[in-house]
Amino acid sequence: MDEKIKNTINLSKKIRKDIIYLSFLKKTAHLGSSLSCVDIISYIYELIINKKNNNKFILSKGHAASTIYSALYRKKFISEKIFFSYCEVGSSLEEHPSPNIRGIECATGSLGHGFPFANGLALANKIRNKKEKTIVMISDGECNEGTTWEAAMFASAQNLKNLTLIIDYNKWQATGRSDKILSLKPLDKKFQSFGWEVISINGHNFNQINRAFKKKNKKPKVIIANTVKGSGIKSIEDDNNWHYRSPNHEELKYFLKELDK
Ligand SMILES: [Mg+2]
């Protein structure tokens, strides 16, 4: 197996343990949403973003903040002390991301804002002839926001081919099945008709993630990542109760053991 993919798998494992432990320690919600995007975010921080380049990642689904905080900690953007200050009074790591630290470009979590912001970064790079990449991740529930579709039109109109959008399509949002609350189907055709290059993948398969990011594009690119809420912990996978629950001590021990299997 490619060394870089092996490193990505290892990083994913560390991030999953970190966010489960944080959710237990700080009694915070959104464990399921944080776990569904771990594999893609690991790939981004292993292969695309590092301290030496100026590539940017915006987590527009800001409720999964613990995942990006763990990636920033594991890749040494932030210290262990800052990482474990998560959600404490006065900490720069709030429950939803704020641009208090290196690696967080804008405040997100109020849904529908990160994608338009990423458009602005990508447009600025295009105007200045810079090669930096902009990557933004939204949730499937976030596709209910009007600003998502305004941003999709804008990126296409400006031909922002330096922009990659990822949709963490875990099929759930806060209170139920995404497609029952406001159906997105056919999501691929919607983006195609907006002038995007569309790639649908299994968002937990590293070879598919790798191919999707590597694929050259002449238009803005969207990766529709089919993911599983709670991915990595069998007993909570695809269970929307874990949108708001946090593990107790017994569950913590069980989950960590499961990840070591
Ligand atoms: Mg979702």
# chains A, B, ... in the order shown; residues from 1 in each chain; ligands from 1
>>> residues_around(residues="A:Pro247", least_positions_apart="2", cutoff="9 Å", atoms="only C-alpha atoms", output="short mmCIF file (atom, residue, chain, number, x, y, z; two decimals) with N, CA and C atoms, in the first residue's frame")
data_model
loop_
_atom_site.label_atom_id
_atom_site.label_comp_id
_atom_site.auth_asym_id
_atom_site.auth_seq_id
_atom_site.Cartn_x
_atom_site.Cartn_y
_atom_site.Cartn_z
N ILE A 20 -13.67 10.91 20.15
CA ILE A 20 -14.51 10.14 21.07
C ILE A 20 -14.16 10.53 22.51
N TYR A 21 -12.86 10.63 22.77
CA TYR A 21 -12.40 11.00 24.11
C TYR A 21 -12.85 12.43 24.46
N SER A 23 -15.44 14.06 23.29
CA SER A 23 -16.88 14.09 23.48
C SER A 23 -17.24 13.58 24.89
N PHE A 24 -16.50 12.54 25.34
CA PHE A 24 -16.69 12.02 26.70
C PHE A 24 -16.27 13.06 27.74
N LEU A 25 -15.07 13.61 27.52
CA LEU A 25 -14.45 14.52 28.49
C LEU A 25 -15.24 15.82 28.66
N LYS A 27 -18.35 16.42 27.36
CA LYS A 27 -19.81 16.21 27.26
C LYS A 27 -20.41 17.03 26.11
N LEU A 31 -21.01 13.81 17.92
CA LEU A 31 -20.01 12.75 17.72
C LEU A 31 -20.22 12.05 16.37
N TRP A 242 -26.81 9.75 18.08
CA TRP A 242 -25.47 10.24 18.37
C TRP A 242 -25.19 11.58 17.72
N ARG A 245 -25.89 12.88 21.54
CA ARG A 245 -25.38 12.18 22.72
C ARG A 245 -23.86 12.26 22.84
N HIS A 249 -18.68 6.65 30.61
CA HIS A 249 -17.37 6.02 30.79
C HIS A 249 -17.31 4.61 30.22
N GLU A 250 -18.39 3.84 30.44
CA GLU A 250 -18.44 2.47 29.91
C GLU A 250 -18.37 2.48 28.38
N GLU A 251 -19.17 3.38 27.80
CA GLU A 251 -19.20 3.46 26.33
C GLU A 251 -17.85 3.90 25.78
N LEU A 252 -17.22 4.84 26.46
CA LEU A 252 -15.90 5.29 26.02
C LEU A 252 -14.93 4.11 25.93
N PHE A 255 -15.91 1.82 23.02
CA PHE A 255 -15.63 2.41 21.70
C PHE A 255 -14.14 2.38 21.37
#
>>> closest_atom_pairs(of="chain A", to="ligand 1", cutoff="7 Å", atoms="only C-alpha atoms and all ligand atoms", output="CSV")
residue,atom,partner,partner_atom_place_in_ligand_line,distance
A:Ser33,CA,ligand 1,1 (Mg),6.7
A:Ser139,CA,ligand 1,1 (Mg),5.1
A:Asp140,CA,ligand 1,1 (Mg),4.7
A:Gly141,CA,ligand 1,1 (Mg),5.2
A:Asp168,CA,ligand 1,1 (Mg),6.6
A:Tyr169,CA,ligand 1,1 (Mg),5.8
A:Asn170,CA,ligand 1,1 (Mg),4.7
A:Lys171,CA,ligand 1,1 (Mg),5.4
A:Trp172,CA,ligand 1,1 (Mg),4.2
A:Gln173,CA,ligand 1,1 (Mg),4.4
A:Ser178,CA,ligand 1,1 (Mg),6.8
>>> residues_around(residues="A:Ile15", least_positions_apart="2", cutoff="10 Å", atoms="only C-alpha atoms", output="PyMOL selection string")
chain A and resi 9-13+17-21+34-35+38-39+41-42+66-74
>>> select_by_dssp(residues="stretch 3-249 of chain A", states="alpha helix (DSSP H)", output="PDB file with C-alpha atoms, in the first residue's frame")
ATOM      1  CA  GLU A   3       3.000   4.991   2.239  1.00  0.00           C
ATOM      2  CA  LYS A   4       0.910   8.174   2.166  1.00  0.00           C
ATOM      3  CA  ILE A   5      -2.359   6.237   2.263  1.00  0.00           C
ATOM      4  CA  LYS A   6      -0.988   4.132   5.144  1.00  0.00           C
ATOM      5  CA  ASN A   7      -0.190   7.357   7.043  1.00  0.00           C
ATOM      6  CA  THR A   8      -3.702   8.652   6.312  1.00  0.00           C
ATOM      7  CA  ILE A   9      -5.258   5.490   7.763  1.00  0.00           C
ATOM      8  CA  ASN A  10      -3.129   5.886  10.904  1.00  0.00           C
ATOM      9  CA  LEU A  11      -4.111   9.543  11.226  1.00  0.00           C
ATOM     10  CA  SER A  12      -7.803   8.608  10.885  1.00  0.00           C
ATOM     11  CA  LYS A  13      -7.463   6.149  13.750  1.00  0.00           C
ATOM     12  CA  LYS A  14      -5.854   8.763  16.000  1.00  0.00           C
ATOM     13  CA  ILE A  15      -8.499  11.371  15.136  1.00  0.00           C
ATOM     14  CA  ARG A  16     -11.354   8.944  15.857  1.00  0.00           C
ATOM     15  CA  LYS A  17      -9.912   8.201  19.308  1.00  0.00           C
ATOM     16  CA  ASP A  18      -9.340  11.906  20.006  1.00  0.00           C
ATOM     17  CA  ILE A  19     -12.868  12.974  19.155  1.00  0.00           C
ATOM     18  CA  ILE A  20     -14.514  10.140  21.074  1.00  0.00           C
ATOM     19  CA  TYR A  21     -12.404  11.004  24.113  1.00  0.00           C
ATOM     20  CA  LEU A  22     -13.156  14.737  23.749  1.00  0.00           C
ATOM     21  CA  SER A  23     -16.882  14.089  23.481  1.00  0.00           C
ATOM     22  CA  PHE A  24     -16.694  12.018  26.697  1.00  0.00           C
ATOM     23  CA  LEU A  25     -14.453  14.515  28.494  1.00  0.00           C
ATOM     24  CA  LYS A  26     -16.321  17.720  27.585  1.00  0.00           C
ATOM     25  CA  LEU A  31     -20.008  12.751  17.717  1.00  0.00           C
ATOM     26  CA  GLY A  32     -21.782  11.017  14.802  1.00  0.00           C
ATOM     27  CA  SER A  33     -21.278  14.036  12.500  1.00  0.00           C
ATOM     28  CA  SER A  34     -17.614  14.318  13.476  1.00  0.00           C
ATOM     29  CA  LEU A  35     -16.955  10.630  12.782  1.00  0.00           C
ATOM     30  CA  SER A  36     -18.529  10.655   9.300  1.00  0.00           C
ATOM     31  CA  VAL A  38     -12.793  11.775   9.652  1.00  0.00           C
ATOM     32  CA  ASP A  39     -11.376   9.826   6.699  1.00  0.00           C
ATOM     33  CA  ILE A  40     -11.662  12.714   4.237  1.00  0.00           C
ATOM     34  CA  ILE A  41     -10.277  15.275   6.683  1.00  0.00           C
ATOM     35  CA  SER A  42      -7.360  12.930   7.479  1.00  0.00           C
ATOM     36  CA  TYR A  43      -6.597  12.711   3.760  1.00  0.00           C
ATOM     37  CA  ALA A  65     -15.224  20.969  14.910  1.00  0.00           C
ATOM     38  CA  SER A  66     -13.559  18.292  17.042  1.00  0.00           C
ATOM     39  CA  THR A  67     -12.421  16.525  13.833  1.00  0.00           C
ATOM     40  CA  ILE A  68     -10.583  19.552  12.446  1.00  0.00           C
ATOM     41  CA  TYR A  69      -9.177  20.409  15.904  1.00  0.00           C
ATOM     42  CA  SER A  70      -7.778  16.888  16.205  1.00  0.00           C
ATOM     43  CA  ALA A  71      -6.275  17.082  12.682  1.00  0.00           C
ATOM     44  CA  LEU A  72      -4.656  20.429  13.569  1.00  0.00           C
ATOM     45  CA  TYR A  73      -3.323  18.949  16.824  1.00  0.00           C
ATOM     46  CA  ARG A  74      -1.981  15.756  15.217  1.00  0.00           C
ATOM     47  CA  GLU A  80      -1.733  19.469  23.161  1.00  0.00           C
ATOM     48  CA  LYS A  81      -2.552  22.077  25.811  1.00  0.00           C
ATOM     49  CA  ILE A  82      -4.684  24.108  23.400  1.00  0.00           C
ATOM     50  CA  PHE A  83      -6.311  20.956  22.044  1.00  0.00           C
ATOM     51  CA  GLY A 114     -18.333  28.393   4.833  1.00  0.00           C
ATOM     52  CA  PHE A 115     -18.992  27.602   1.172  1.00  0.00           C
ATOM     53  CA  PRO A 116     -19.519  31.270   0.101  1.00  0.00           C
ATOM     54  CA  PHE A 117     -16.446  32.227   2.155  1.00  0.00           C
ATOM     55  CA  ALA A 118     -14.399  29.568   0.334  1.00  0.00           C
ATOM     56  CA  ASN A 119     -15.617  31.022  -2.973  1.00  0.00           C
ATOM     57  CA  GLY A 120     -14.081  34.340  -1.924  1.00  0.00           C
ATOM     58  CA  LEU A 121     -10.717  32.721  -1.096  1.00  0.00           C
ATOM     59  CA  ALA A 122     -10.671  30.820  -4.392  1.00  0.00           C
ATOM     60  CA  LEU A 123     -11.634  33.928  -6.390  1.00  0.00           C
ATOM     61  CA  ALA A 124      -8.884  35.969  -4.693  1.00  0.00           C
ATOM     62  CA  ASN A 125      -6.309  33.283  -5.578  1.00  0.00           C
ATOM     63  CA  LYS A 126      -7.560  33.223  -9.162  1.00  0.00           C
ATOM     64  CA  ILE A 127      -7.324  37.023  -9.512  1.00  0.00           C
ATOM     65  CA  GLY A 146     -30.127  28.914  -0.037  1.00  0.00           C
ATOM     66  CA  THR A 147     -26.571  30.238   0.229  1.00  0.00           C
ATOM     67  CA  THR A 148     -25.286  26.790  -0.789  1.00  0.00           C
ATOM     68  CA  TRP A 149     -26.956  27.143  -4.185  1.00  0.00           C
ATOM     69  CA  GLU A 150     -25.973  30.798  -4.590  1.00  0.00           C
ATOM     70  CA  ALA A 151     -22.373  29.745  -3.925  1.00  0.00           C
ATOM     71  CA  ALA A 152     -22.700  26.840  -6.386  1.00  0.00           C
ATOM     72  CA  MET A 153     -23.880  29.276  -9.096  1.00  0.00           C
ATOM     73  CA  PHE A 154     -21.147  31.787  -8.262  1.00  0.00           C
ATOM     74  CA  ALA A 155     -18.275  29.269  -8.360  1.00  0.00           C
ATOM     75  CA  SER A 156     -19.443  28.030 -11.730  1.00  0.00           C
ATOM     76  CA  ALA A 157     -19.975  31.541 -13.149  1.00  0.00           C
ATOM     77  CA  SER A 178     -31.973  14.280   5.133  1.00  0.00           C
ATOM     78  CA  ASP A 179     -33.948  13.004   2.162  1.00  0.00           C
ATOM     79  CA  LYS A 180     -37.187  12.948   4.171  1.00  0.00           C
ATOM     80  CA  ILE A 181     -36.745  16.464   5.557  1.00  0.00           C
ATOM     81  CA  LEU A 187     -27.757  15.638  -6.032  1.00  0.00           C
ATOM     82  CA  ASP A 188     -25.184  14.794  -8.722  1.00  0.00           C
ATOM     83  CA  LYS A 189     -27.418  16.015 -11.549  1.00  0.00           C
ATOM     84  CA  LYS A 190     -28.225  19.212  -9.644  1.00  0.00           C
ATOM     85  CA  PHE A 191     -24.538  20.108  -9.415  1.00  0.00           C
ATOM     86  CA  GLN A 192     -23.896  19.052 -13.025  1.00  0.00           C
ATOM     87  CA  SER A 193     -26.658  21.386 -14.166  1.00  0.00           C
ATOM     88  CA  PHE A 206      -9.055   5.884   0.740  1.00  0.00           C
ATOM     89  CA  ASN A 207      -8.367   4.820  -2.844  1.00  0.00           C
ATOM     90  CA  GLN A 208     -11.596   6.474  -3.987  1.00  0.00           C
ATOM     91  CA  ILE A 209     -10.853   9.596  -1.912  1.00  0.00           C
ATOM     92  CA  ASN A 210      -7.365   9.747  -3.447  1.00  0.00           C
ATOM     93  CA  ARG A 211      -8.634   9.354  -7.022  1.00  0.00           C
ATOM     94  CA  ALA A 212     -11.321  12.017  -6.503  1.00  0.00           C
ATOM     95  CA  PHE A 213      -8.860  14.620  -5.213  1.00  0.00           C
ATOM     96  CA  LYS A 214      -6.246  13.796  -7.871  1.00  0.00           C
ATOM     97  CA  HIS A 249     -17.369   6.025  30.786  1.00  0.00           C
TER      98      HIS A 249
END
>>> closest_atom_pairs(of="stretch 178-208 of chain A", to="stretch 215-223 of chain A", cutoff="8 Å", atoms="only C-alpha atoms", output="JSON lines")
{"residue": "A:Phe191", "atom": "CA", "partner": "A:Val222", "partner_atom": "CA", "distance": 7.8}
{"residue": "A:Gly195", "atom": "CA", "partner": "A:Lys219", "partner_atom": "CA", "distance": 7.3}
{"residue": "A:Trp196", "atom": "CA", "partner": "A:Pro220", "partner_atom": "CA", "distance": 5.4}
{"residue": "A:Glu197", "atom": "CA", "partner": "A:Lys221", "partner_atom": "CA", "distance": 4.7}
{"residue": "A:Val198", "atom": "CA", "partner": "A:Val222", "partner_atom": "CA", "distance": 5.1}
{"residue": "A:Ile199", "atom": "CA", "partner": "A:Ile223", "partner_atom": "CA", "distance": 4.9}
{"residue": "A:Ser200", "atom": "CA", "partner": "A:Ile223", "partner_atom": "CA", "distance": 5.8}
{"residue": "A:Ile201", "atom": "CA", "partner": "A:Ile223", "partner_atom": "CA", "distance": 7.1}
>>> residues_around(residues="A:Asn50", least_positions_apart="2", cutoff="12 Å", atoms="only C-alpha atoms", output="MDAnalysis selection string")
chainID A and resid 42:48 52:57 71:72 74:77 102:103 132:133
>>> write_last_selection(atoms="N, CA and C atoms", output="PDB file, in the first residue's frame")
ATOM      1  N   SER A  42      -8.711  13.505   7.314  1.00  0.00           N
ATOM      2  CA  SER A  42      -7.360  12.930   7.479  1.00  0.00           C
ATOM      3  C   SER A  42      -6.590  13.014   6.175  1.00  0.00           C
ATOM      4  N   TYR A  43      -7.246  12.652   5.078  1.00  0.00           N
ATOM      5  CA  TYR A  43      -6.597  12.711   3.760  1.00  0.00           C
ATOM      6  C   TYR A  43      -6.133  14.141   3.462  1.00  0.00           C
ATOM      7  N   ILE A  44      -7.025  15.105   3.730  1.00  0.00           N
ATOM      8  CA  ILE A  44      -6.708  16.512   3.424  1.00  0.00           C
ATOM      9  C   ILE A  44      -5.478  16.968   4.211  1.00  0.00           C
ATOM     10  N   TYR A  45      -5.420  16.600   5.507  1.00  0.00           N
ATOM     11  CA  TYR A  45      -4.293  17.063   6.339  1.00  0.00           C
ATOM     12  C   TYR A  45      -3.036  16.223   6.154  1.00  0.00           C
ATOM     13  N   GLU A  46      -3.177  15.028   5.603  1.00  0.00           N
ATOM     14  CA  GLU A  46      -1.991  14.217   5.330  1.00  0.00           C
ATOM     15  C   GLU A  46      -1.383  14.602   3.982  1.00  0.00           C
ATOM     16  N   LEU A  47      -2.238  14.919   3.004  1.00  0.00           N
ATOM     17  CA  LEU A  47      -1.720  15.066   1.636  1.00  0.00           C
ATOM     18  C   LEU A  47      -1.875  16.434   0.991  1.00  0.00           C
ATOM     19  N   ILE A  48      -2.748  17.278   1.500  1.00  0.00           N
ATOM     20  CA  ILE A  48      -2.987  18.540   0.773  1.00  0.00           C
ATOM     21  C   ILE A  48      -2.569  19.768   1.576  1.00  0.00           C
ATOM     22  N   LYS A  52       3.748  24.269   5.445  1.00  0.00           N
ATOM     23  CA  LYS A  52       4.604  24.951   4.466  1.00  0.00           C
ATOM     24  C   LYS A  52       3.834  25.537   3.285  1.00  0.00           C
ATOM     25  N   ASN A  53       2.603  25.061   3.056  1.00  0.00           N
ATOM     26  CA  ASN A  53       1.874  25.614   1.907  1.00  0.00           C
ATOM     27  C   ASN A  53       0.722  26.495   2.392  1.00  0.00           C
ATOM     28  N   ASN A  54       0.079  27.112   1.447  1.00  0.00           N
ATOM     29  CA  ASN A  54      -0.977  28.057   1.809  1.00  0.00           C
ATOM     30  C   ASN A  54      -2.350  27.540   1.376  1.00  0.00           C
ATOM     31  N   ASN A  55      -2.442  26.217   1.158  1.00  0.00           N
ATOM     32  CA  ASN A  55      -3.740  25.634   0.825  1.00  0.00           C
ATOM     33  C   ASN A  55      -4.676  25.798   2.023  1.00  0.00           C
ATOM     34  N   LYS A  56      -5.960  25.947   1.744  1.00  0.00           N
ATOM     35  CA  LYS A  56      -6.903  26.229   2.833  1.00  0.00           C
ATOM     36  C   LYS A  56      -8.047  25.214   2.857  1.00  0.00           C
ATOM     37  N   PHE A  57      -8.440  24.855   4.079  1.00  0.00           N
ATOM     38  CA  PHE A  57      -9.614  24.000   4.255  1.00  0.00           C
ATOM     39  C   PHE A  57     -10.614  24.711   5.158  1.00  0.00           C
ATOM     40  N   ALA A  71      -7.211  17.087  13.824  1.00  0.00           N
ATOM     41  CA  ALA A  71      -6.275  17.082  12.682  1.00  0.00           C
ATOM     42  C   ALA A  71      -5.201  18.154  12.887  1.00  0.00           C
ATOM     43  N   LEU A  72      -5.618  19.335  13.353  1.00  0.00           N
ATOM     44  CA  LEU A  72      -4.656  20.429  13.569  1.00  0.00           C
ATOM     45  C   LEU A  72      -3.675  20.081  14.699  1.00  0.00           C
ATOM     46  N   ARG A  74      -2.843  16.861  15.659  1.00  0.00           N
ATOM     47  CA  ARG A  74      -1.981  15.756  15.217  1.00  0.00           C
ATOM     48  C   ARG A  74      -0.937  16.208  14.197  1.00  0.00           C
ATOM     49  N   LYS A  75      -1.261  17.257  13.422  1.00  0.00           N
ATOM     50  CA  LYS A  75      -0.292  17.759  12.435  1.00  0.00           C
ATOM     51  C   LYS A  75       0.482  18.961  12.985  1.00  0.00           C
ATOM     52  N   LYS A  76       0.385  19.150  14.308  1.00  0.00           N
ATOM     53  CA  LYS A  76       1.202  20.135  15.029  1.00  0.00           C
ATOM     54  C   LYS A  76       0.949  21.603  14.656  1.00  0.00           C
ATOM     55  N   PHE A  77      -0.276  21.909  14.253  1.00  0.00           N
ATOM     56  CA  PHE A  77      -0.658  23.320  14.085  1.00  0.00           C
ATOM     57  C   PHE A  77      -0.973  23.916  15.455  1.00  0.00           C
ATOM     58  N   ARG A 102      -4.339  29.370  13.961  1.00  0.00           N
ATOM     59  CA  ARG A 102      -3.890  29.076  12.610  1.00  0.00           C
ATOM     60  C   ARG A 102      -4.598  27.799  12.118  1.00  0.00           C
ATOM     61  N   GLY A 103      -5.122  27.859  10.923  1.00  0.00           N
ATOM     62  CA  GLY A 103      -5.801  26.670  10.381  1.00  0.00           C
ATOM     63  C   GLY A 103      -7.315  26.809  10.363  1.00  0.00           C
ATOM     64  N   GLU A 132      -2.565  28.236  -4.919  1.00  0.00           N
ATOM     65  CA  GLU A 132      -3.101  27.579  -3.730  1.00  0.00           C
ATOM     66  C   GLU A 132      -4.493  26.991  -3.969  1.00  0.00           C
ATOM     67  N   LYS A 133      -4.740  25.888  -3.261  1.00  0.00           N
ATOM     68  CA  LYS A 133      -6.046  25.220  -3.394  1.00  0.00           C
ATOM     69  C   LYS A 133      -6.964  25.624  -2.250  1.00  0.00           C
TER      70      LYS A 133
END
>>> atom_distance(atom1="atom CA of A:Phe84", atom2="atom CA of A:Thr227")
27.3 Å
>>> decode(residues="stretch 170-182 of chain A", atoms="N, CA and C atoms", output="compact mmCIF listing (two decimals), in the first residue's frame")
# COMPACT_ATOMS: atom_id res chain seq x y z
N ASN A 170 -23.95 11.97 4.74
CA ASN A 170 -24.16 10.87 5.69
C ASN A 170 -25.64 10.53 5.87
N LYS A 171 -26.48 11.16 5.07
CA LYS A 171 -27.92 10.84 4.95
C LYS A 171 -28.76 11.21 6.18
N TRP A 172 -28.16 11.90 7.14
CA TRP A 172 -28.88 12.36 8.31
C TRP A 172 -28.66 13.86 8.50
N GLN A 173 -29.60 14.53 9.12
CA GLN A 173 -29.33 15.84 9.69
C GLN A 173 -29.92 15.84 11.09
N ALA A 174 -29.83 16.96 11.79
CA ALA A 174 -30.09 16.97 13.24
C ALA A 174 -31.31 16.15 13.66
N THR A 175 -32.42 16.31 12.96
CA THR A 175 -33.66 15.72 13.48
C THR A 175 -34.21 14.57 12.65
N GLY A 176 -33.50 14.14 11.62
CA GLY A 176 -34.02 13.02 10.84
C GLY A 176 -33.26 12.77 9.56
N ARG A 177 -33.80 11.86 8.74
CA ARG A 177 -33.21 11.52 7.45
C ARG A 177 -33.23 12.74 6.53
N SER A 178 -32.08 13.08 5.99
CA SER A 178 -31.97 14.28 5.13
C SER A 178 -32.96 14.23 3.98
N ASP A 179 -33.09 13.06 3.35
CA ASP A 179 -33.95 13.00 2.16
C ASP A 179 -35.43 13.02 2.50
N LYS A 180 -35.78 12.81 3.77
CA LYS A 180 -37.19 12.95 4.17
C LYS A 180 -37.49 14.39 4.53
N ILE A 181 -36.52 15.07 5.13
CA ILE A 181 -36.75 16.46 5.56
C ILE A 181 -36.83 17.38 4.34
N LEU A 182 -35.87 17.25 3.43
CA LEU A 182 -35.91 18.02 2.17
C LEU A 182 -35.01 17.28 1.18
